[in-house]
$ cat target_14.cif   # mmCIF, C-alpha atoms and all ligand atoms
data_upload
loop_
_atom_site.label_atom_id
_atom_site.label_comp_id
_atom_site.auth_asym_id
_atom_site.auth_seq_id
_atom_site.Cartn_x
_atom_site.Cartn_y
_atom_site.Cartn_z
CA MET A 25 0.00 0.00 0.00
CA VAL A 26 2.83 2.32 0.84
CA LEU A 27 4.30 1.97 -2.57
CA GLY A 28 1.11 3.44 -3.87
CA LEU A 29 1.97 6.84 -2.48
CA LEU A 30 3.36 8.07 -5.69
CA ALA A 31 0.99 6.26 -7.99
CA LEU A 32 -1.93 7.65 -6.09
CA THR A 33 -0.44 11.08 -6.07
CA VAL A 34 0.01 10.93 -9.80
CA GLN A 35 -3.63 10.05 -10.18
CA VAL A 36 -4.81 12.81 -7.88
CA TYR A 37 -2.48 15.23 -9.58
CA SER A 38 -3.93 14.59 -12.97
CA GLU A 39 -7.36 15.31 -11.58
CA GLU A 40 -6.41 18.43 -9.65
CA LYS A 41 -4.00 20.26 -11.86
CA GLU A 42 -5.29 23.58 -10.69
CA ASP A 43 -4.12 22.85 -7.15
CA GLU A 44 -0.86 24.75 -6.97
CA GLU A 45 -0.17 23.52 -3.47
CA PHE A 46 0.17 20.00 -4.74
CA PRO A 47 3.41 18.32 -3.68
CA LEU A 48 6.21 16.49 -5.46
CA ASP A 49 7.37 17.16 -8.95
CA LEU A 50 5.37 14.77 -10.99
CA GLU A 51 5.27 16.61 -14.27
CA ASP A 52 7.72 14.17 -15.78
CA PHE A 53 5.52 11.22 -15.09
CA ASN A 54 3.86 9.43 -17.90
CA GLU A 55 1.29 6.68 -17.98
CA SER A 56 3.79 3.86 -17.91
CA ASP A 57 5.47 5.30 -14.78
CA GLU A 58 2.07 5.41 -13.22
CA GLN A 59 1.35 1.85 -14.30
CA LEU A 60 4.66 0.65 -12.85
CA LEU A 61 4.09 2.25 -9.47
CA ARG A 62 0.55 1.01 -9.44
CA GLU A 63 1.84 -2.53 -9.93
CA MET A 64 4.38 -2.06 -7.15
CA GLU A 65 1.57 -0.86 -4.95
CA GLU A 66 -0.45 -3.96 -5.76
CA LYS A 67 2.52 -6.09 -4.85
CA MET A 68 2.72 -4.43 -1.43
CA LEU A 69 -1.02 -4.63 -0.99
CA ALA A 70 -0.84 -8.33 -1.74
CA LYS A 71 1.69 -8.62 1.09
CA ASP A 72 -0.71 -6.88 3.47
CA ILE A 73 -3.46 -9.19 2.34
CA ASP A 74 -1.14 -12.15 2.89
CA ARG A 75 -0.56 -10.99 6.45
CA GLU A 76 -4.28 -10.67 7.06
CA ASN A 77 -4.92 -14.04 5.44
CA GLU A 78 -2.28 -15.55 7.67
CA ILE A 79 -4.02 -14.24 10.77
CA ALA A 80 -7.42 -15.34 9.49
CA THR A 81 -6.06 -18.80 8.65
CA LYS A 82 -4.57 -19.07 12.12
CA LEU A 83 -7.91 -18.23 13.69
CA VAL A 84 -9.72 -20.81 11.60
CA GLU A 85 -7.07 -23.38 12.47
CA ASP A 86 -7.43 -22.74 16.16
CA VAL A 87 -11.17 -23.26 15.90
CA ASN A 88 -10.80 -26.35 13.71
CA ASN A 89 -8.23 -27.91 15.99
CA VAL A 90 -10.76 -27.84 18.76
CA LEU A 91 -13.62 -29.15 16.65
CA MET A 92 -11.90 -31.79 14.57
CA PRO A 93 -8.53 -33.40 14.00
CA VAL A 94 -6.26 -31.94 11.32
CA LEU A 95 -6.69 -33.55 7.94
CA GLU A 96 -4.01 -33.92 5.32
CA ILE A 97 -2.37 -30.60 4.57
CA ASP A 98 0.17 -29.58 1.96
CA PRO A 99 3.33 -29.07 4.04
CA CYS A 100 4.08 -25.92 2.07
CA GLU A 101 0.76 -24.38 2.92
CA LYS A 102 1.94 -23.16 6.31
CA MET A 103 5.46 -22.29 5.26
CA HIS A 104 6.37 -18.68 4.82
CA CYS A 105 9.64 -18.24 3.05
CA GLY A 106 11.47 -14.92 3.03
CA ALA A 107 12.35 -12.81 0.02
CA GLY A 108 14.25 -14.75 -2.63
CA ARG A 109 13.06 -18.08 -1.25
CA VAL A 110 10.26 -20.45 -2.16
CA CYS A 111 8.82 -23.45 -0.37
CA HIS A 112 9.82 -26.83 -1.67
CA SER A 113 8.07 -29.96 -0.45
CA THR A 114 9.19 -33.53 -0.65
CA GLY A 115 6.19 -35.51 0.50
CA GLU A 116 5.67 -34.60 4.15
CA GLU A 117 8.71 -32.38 4.55
CA ALA A 118 8.76 -28.75 3.53
CA GLU A 119 11.69 -26.39 3.35
CA CYS A 120 12.49 -22.96 2.04
CA ILE A 121 14.97 -23.00 -0.80
CA CYS A 122 16.49 -20.22 -2.88
CA ILE A 123 14.19 -19.27 -5.72
CA PRO A 124 15.61 -21.13 -8.75
CA ASP A 125 14.60 -18.63 -11.43
CA CYS A 126 13.63 -14.99 -11.44
CA PRO A 127 11.33 -13.51 -14.05
CA GLU A 128 13.23 -11.52 -16.63
CA GLU A 129 12.67 -7.78 -16.33
CA ILE A 130 13.15 -5.79 -19.50
CA ASP A 131 11.83 -2.50 -18.15
CA THR A 132 14.85 -0.67 -16.65
CA ARG A 133 12.63 0.93 -14.02
CA ARG A 134 12.28 -2.51 -12.51
CA HIS A 135 16.02 -2.91 -12.27
CA VAL A 136 17.44 -2.17 -8.86
CA CYS A 137 20.49 -0.37 -7.53
CA THR A 138 22.08 -2.13 -4.57
CA ASN A 139 23.97 -0.81 -1.56
CA LYS A 140 27.13 -1.66 -3.52
CA ASN A 141 26.01 0.76 -6.22
CA VAL A 142 25.64 -2.03 -8.75
CA THR A 143 22.58 -2.41 -10.98
CA TRP A 144 20.82 -5.77 -10.81
CA PRO A 145 18.15 -6.91 -13.26
CA SER A 146 15.35 -7.19 -10.66
CA ASP A 147 14.60 -7.20 -6.94
CA CYS A 148 14.11 -10.96 -7.23
CA SER A 149 17.66 -11.42 -8.54
CA VAL A 150 19.11 -9.51 -5.56
CA TYR A 151 17.17 -11.58 -3.03
CA GLN A 152 18.09 -14.76 -4.89
CA GLU A 153 21.80 -13.87 -4.82
CA ARG A 154 21.61 -13.08 -1.12
CA CYS A 155 19.95 -16.42 -0.52
CA PHE A 156 22.64 -18.26 -2.53
CA CYS A 157 25.39 -16.53 -0.54
CA ASP A 158 23.62 -17.02 2.80
CA SER A 159 23.26 -20.73 2.19
CA LYS A 160 26.79 -21.14 0.77
CA ASP A 161 25.34 -22.22 -2.56
CA LYS A 162 27.92 -22.36 -5.34
CA ARG A 163 25.74 -20.12 -7.48
CA CYS A 164 26.68 -17.22 -5.12
CA THR A 165 28.92 -14.90 -7.13
CA ASP A 166 30.57 -13.11 -4.18
CA PRO A 167 30.38 -14.21 -0.51
CA SER A 168 30.01 -10.61 0.67
CA ASN A 169 26.67 -10.55 -1.15
CA SER A 170 25.05 -12.22 1.85
CA HIS A 171 24.57 -8.61 3.00
CA LEU A 172 23.40 -7.34 -0.37
CA HIS A 173 20.29 -5.16 -0.30
CA ILE A 174 18.32 -2.90 -2.56
CA ASP A 175 19.09 0.76 -2.19
CA TYR A 176 16.51 1.96 -4.68
CA TYR A 177 14.53 0.93 -7.75
CA GLY A 178 15.86 1.88 -11.17
CA ILE A 179 19.36 1.64 -12.57
CA CYS A 180 22.21 3.08 -10.48
CA GLN A 181 22.77 6.74 -11.21
CA ASP A 182 24.32 9.90 -9.83
CA LEU A 183 21.37 11.29 -7.96
CA PRO A 184 21.02 15.06 -7.98
CA GLY A 185 21.51 16.66 -4.57
CA CYS A 186 18.65 18.25 -2.67
CA SER A 187 19.31 21.99 -2.44
CA GLU A 188 18.91 23.87 0.85
CA GLU A 189 15.85 25.59 -0.54
CA GLU A 190 14.25 22.30 -1.61
CA LYS A 191 15.16 20.75 1.73
CA LYS A 192 13.47 23.60 3.55
CA ASP A 193 10.29 23.21 1.54
CA PHE A 194 10.18 19.43 1.62
CA PRO A 195 8.37 18.90 4.97
CA ARG A 196 5.44 20.96 3.68
CA ARG A 197 5.31 19.00 0.41
CA MET A 198 5.52 15.74 2.32
CA ARG A 199 2.65 16.75 4.63
CA ASP A 200 0.51 17.72 1.66
CA TRP A 201 1.42 14.51 -0.05
CA LEU A 202 0.56 12.29 2.92
CA PHE A 203 -2.75 14.05 3.37
CA ASN A 204 -3.61 13.57 -0.32
CA VAL A 205 -2.62 9.92 -0.31
CA MET A 206 -4.71 9.25 2.77
CA ARG A 207 -7.66 11.07 1.20
CA ASP A 208 -7.31 9.08 -1.98
CA LEU A 209 -7.18 5.77 -0.11
CA ALA A 210 -10.29 6.80 1.81
CA GLU A 211 -12.11 7.60 -1.42
CA ARG A 212 -11.17 4.20 -2.73
CA ASP A 213 -12.34 2.64 0.52
CA GLU A 214 -8.92 1.16 1.18
CA LEU A 215 -8.44 2.34 4.74
CA THR A 216 -9.52 0.46 7.85
CA GLU A 217 -12.48 1.85 9.76
CA HIS A 218 -10.09 3.29 12.33
CA TYR A 219 -8.08 5.24 9.74
CA MET A 220 -11.25 6.17 7.87
CA GLN A 221 -12.36 8.04 10.97
CA MET A 222 -9.00 9.74 11.31
CA GLN A 223 -9.25 10.77 7.68
CA MET A 224 -12.70 12.26 8.19
CA GLU A 225 -11.38 14.14 11.19
CA ALA A 226 -8.51 15.44 9.04
CA GLU A 227 -11.03 16.72 6.48
CA THR A 228 -13.12 18.60 9.00
CA ASN A 229 -10.63 19.68 11.65
CA MET A 230 -7.84 21.91 10.36
CA THR A 231 -5.56 21.19 13.32
CA ARG A 232 -5.77 17.49 12.49
CA ARG A 233 -5.30 17.88 8.75
CA TRP A 234 -1.58 17.15 8.65
CA SER A 235 -1.09 15.34 11.92
CA ASN A 236 -3.60 12.56 11.30
CA ALA A 237 -2.07 11.75 7.93
CA ALA A 238 1.41 11.82 9.49
CA VAL A 239 0.36 9.49 12.30
CA TRP A 240 -1.38 7.14 9.85
CA LYS A 241 1.70 6.84 7.62
CA TRP A 242 4.03 6.34 10.58
CA CYS A 243 1.79 3.55 11.93
CA ASP A 244 1.56 2.06 8.44
CA LEU A 245 5.34 1.94 8.10
CA ASP A 246 5.77 0.36 11.52
CA GLY A 247 5.21 -3.17 10.24
CA ASN A 248 6.17 -5.00 13.42
CA THR A 249 4.15 -2.58 15.59
CA ASP A 250 6.98 -1.89 18.03
CA ARG A 251 6.15 1.80 17.84
CA SER A 252 9.23 2.87 15.98
CA VAL A 253 10.10 2.86 12.31
CA SER A 254 13.41 1.18 11.56
CA ARG A 255 15.54 1.79 8.49
CA HIS A 256 14.27 -1.47 7.13
CA GLU A 257 10.68 -0.37 7.64
CA LEU A 258 11.35 2.79 5.64
CA PHE A 259 12.07 0.66 2.59
CA PRO A 260 8.57 0.88 1.04
CA ILE A 261 8.55 4.68 1.14
CA ARG A 262 12.20 5.10 0.20
CA ALA A 263 13.30 2.55 -2.41
CA PRO A 264 10.70 3.26 -5.11
CA LEU A 265 10.98 7.03 -4.73
CA VAL A 266 14.70 7.79 -4.44
CA SER A 267 15.36 7.92 -8.17
CA LEU A 268 12.18 9.94 -8.81
CA GLU A 269 12.23 12.38 -5.91
CA HIS A 270 15.77 13.32 -4.98
CA CYS A 271 14.89 14.96 -1.66
CA ILE A 272 13.22 11.92 -0.11
CA ALA A 273 16.46 10.23 1.01
CA PRO A 274 17.98 13.25 2.78
CA PHE A 275 14.57 14.03 4.26
CA LEU A 276 14.18 10.54 5.74
CA GLU A 277 17.77 10.64 7.05
CA SER A 278 17.02 13.89 8.82
CA CYS A 279 14.03 12.34 10.59
CA ASP A 280 16.19 10.15 12.85
CA GLN A 281 17.32 13.05 15.00
CA ASN A 282 19.15 11.03 17.68
CA ASP A 283 20.73 8.74 15.08
CA ASP A 284 19.64 5.47 16.71
CA HIS A 285 18.37 4.04 13.37
CA ARG A 286 14.78 4.27 14.48
CA ILE A 287 12.20 6.97 13.94
CA THR A 288 9.82 7.58 16.80
CA LEU A 289 6.48 9.28 16.25
CA LEU A 290 7.86 12.42 17.87
CA GLU A 291 10.86 12.42 15.51
CA TRP A 292 8.57 11.83 12.52
CA GLY A 293 6.36 14.72 13.59
CA THR A 294 9.35 16.97 14.19
CA CYS A 295 10.78 16.38 10.73
CA LEU A 296 7.35 17.05 9.22
CA GLU A 297 7.33 20.26 11.28
CA LEU A 298 4.29 19.37 13.32
CA GLU A 299 3.71 20.39 16.93
CA PRO A 300 4.45 17.55 19.39
CA ASP A 301 1.07 17.98 21.10
CA GLU A 302 -0.69 17.40 17.77
CA LEU A 303 0.66 13.85 17.60
CA ASN A 304 -1.34 11.12 19.22
CA GLU A 305 -0.22 7.57 18.78
CA ARG A 306 -3.37 6.17 17.26
CA CYS A 307 -2.29 3.09 15.39
CA ASP A 308 -4.74 0.46 14.23
CA ASP A 309 -2.99 -2.83 14.89
CA ILE A 310 -4.56 -5.88 13.32
CA GLN A 311 -2.59 -8.03 15.75
CA LYS A 312 -3.86 -6.11 18.74
CA ASN A 313 -7.43 -6.58 17.54
CA ILE A 314 -7.31 -10.36 17.54
CA PRO A 315 -8.32 -10.82 21.19
CA HIS A 316 -11.44 -8.77 20.43
CA LEU A 317 -12.25 -10.97 17.45
CA LEU A 318 -12.00 -13.99 19.68
CA GLY A 319 -14.39 -12.30 22.05
CA CA A 401 8.88 -1.04 13.86
CA CA A 402 15.69 8.04 16.45
#

$ encode --input "target_14.cif" --output "structure tokens"
Amino acid sequence: MVLGLLALTVQVYSEEKEDEEFPLDLEDFNESDEQLLREMEEKMLAKDIDRENEIATKLVEDVNNVLMPVLEIDPCEKMHCGAGRVCHSTGEEAECICIPDCPEEIDTRRHVCTNKNVTWPSDCSVYQERCFCDSKDKRCTDPSNSHLHIDYYGICQDLPGCSEEEKKDFPRRMRDWLFNVMRDLAERDELTEHYMQMQMEAETNMTRRWSNAAVWKWCDLDGNTDRSVSRHELFPIRAPLVSLEHCIAPFLESCDQNDDHRITLLEWGTCLELEPDELNERCDDIQKNIPHLLG
């Protein structure tokens, strides 16, 4: 869903060209950029759905285990393999193995630039290589690649710097952007009830306009719900945008004010130039809701 930020913004932008306050420089975007980001968004959304399905499956299992014994199950059905891995079953046993083949990506926007500043043909190929090197597979091309990760999408390039003036203006553009993305998701009915209410509040209460969107995005990024956003958790907002919006990387760096590699809600609010007392930690945690579902 996070990857949709830009795609959504593009869509809103095309509908609201007269809005001069609109953030991010998207004039250079064409339909195929939009299509690409939309697909990336769907990929992320699918991951969210997977997580929800996992929880739902677990609930059903718990109920079924009480009511009836477990019938024959595909051993891979319950396996969740990490990036670059797939489940492989041999009868009753299941294990995660390195993905044998990655789909070929011809579109250079789907290539990725790694932390070693080397362009790889796809995200899949990076995760596959890491898996090979992690598991000492002879297909690993360089043992140090067990720490390989994606820096950003697109081929490696000299990224233009973010000028002082742009840096100064960026928090405002980011606030606008987050608000517009949240509004767009609400219109498409893609927010949970909890965030839908926060969005409505943002529409009607000027003091909540920016802060609710900021809180929503921070909660959304905090995948493991430990109430801080790690560098890893910034990936969905950073990697697809770095080559398109050159101020996003320095902006995100500046958010971790105490340099402990985690962004607290207060730090997030501060770098978006919001007042601390406007920030209430109002995350909607699916996990936290489970006890209620069970009654
Ligand atoms: Ca976290
Ligand atoms: Ca910090």

$ atom_distance --input "target_14.cif" --atom1 "atom CA of Asn169 of chain A" --atom2 "atom CA of Glu153 of chain A"
6.9 Å

$ residues_near_ligand --input "target_14.cif" --ligand "ligand CA 402 (chain A)" --cutoff "6 Å" --atoms "only C-alpha atoms and all ligand atoms" --output "NGL selection string"
:A and (280-288)

$ closest_residue --input "target_14.cif" --among "A:Leu172, A:Met220, A:Leu289, A:Ala237" --to "Phe203 of chain A" --atoms "all atoms listed in the file"
A:Ala237

$ closest_atom_pairs --input "target_14.cif" --of "chain A" --to "ligand CA 401 (chain A)" --cutoff "10 Å" --atoms "only C-alpha atoms and all ligand atoms" --output "Markdown table"
| residue | atom | partner | partner_atom | distance |
| --- | --- | --- | --- | --- |
| A:Trp242 | CA | A:CA401 | CA | 9.4 |
| A:Cys243 | CA | A:CA401 | CA | 8.7 |
| A:Asp244 | CA | A:CA401 | CA | 9.6 |
| A:Leu245 | CA | A:CA401 | CA | 7.4 |
| A:Asp246 | CA | A:CA401 | CA | 4.1 |
| A:Gly247 | CA | A:CA401 | CA | 5.6 |
| A:Asn248 | CA | A:CA401 | CA | 4.8 |
| A:Thr249 | CA | A:CA401 | CA | 5.3 |
| A:Asp250 | CA | A:CA401 | CA | 4.7 |
| A:Arg251 | CA | A:CA401 | CA | 5.6 |
| A:Ser252 | CA | A:CA401 | CA | 4.5 |
| A:Val253 | CA | A:CA401 | CA | 4.4 |
| A:Ser254 | CA | A:CA401 | CA | 5.5 |
| A:Arg255 | CA | A:CA401 | CA | 9.0 |
| A:His256 | CA | A:CA401 | CA | 8.6 |
| A:Glu257 | CA | A:CA401 | CA | 6.5 |
| A:Leu258 | CA | A:CA401 | CA | 9.4 |
| A:Arg286 | CA | A:CA401 | CA | 8.0 |
| A:Ile287 | CA | A:CA401 | CA | 8.7 |
| A:Thr288 | CA | A:CA401 | CA | 9.2 |

$ closest_residue --input "target_14.cif" --among "A:Ile261, A:Asp200, A:Tyr219, A:Trp292" --to "Asp309 of chain A" --atoms "all atoms listed in the file"
A:Tyr219

$ closest_residue --input "target_14.cif" --among "A:Cys148, A:Gly185, A:Trp240, A:Pro195" --to "His173 of chain A" --atoms "all atoms listed in the file"
A:Cys148

$ atom_distance --input "target_14.cif" --atom1 "atom CA of Asp147 of chain A" --atom2 "atom CA of Pro184 of chain A"
23.2 Å

$ atom_distance --input "target_14.cif" --atom1 "atom CA of Lys162 of chain A" --atom2 "atom CA of Cys111 of chain A"
19.8 Å

$ residues_around --input "target_14.cif" --residues "segment 122-136 of chain A" --least-positions-apart "2" --cutoff "8 Å" --atoms "all atoms listed in the file" --output "MDAnalysis selection string"
chainID A and resid 108:110 120 138 143:149 152 155:156 174:180

$ axis_aligned_box --input "target_14.cif" --around "segment 276-294 of chain A" --padding-each-side "8 Å" --output "AutoDock Vina command-line options"
--center_x 13.5 --center_y 10.5 --center_z 11.8 --size_x 30.4 --size_y 28.9 --size_z 28.1

$ closest_residue --input "target_14.cif" --among "A:Arg207, A:Arg212, A:Lys160, A:Lys241" --to "Glu227 of chain A" --atoms "all atoms listed in the file"
A:Arg207
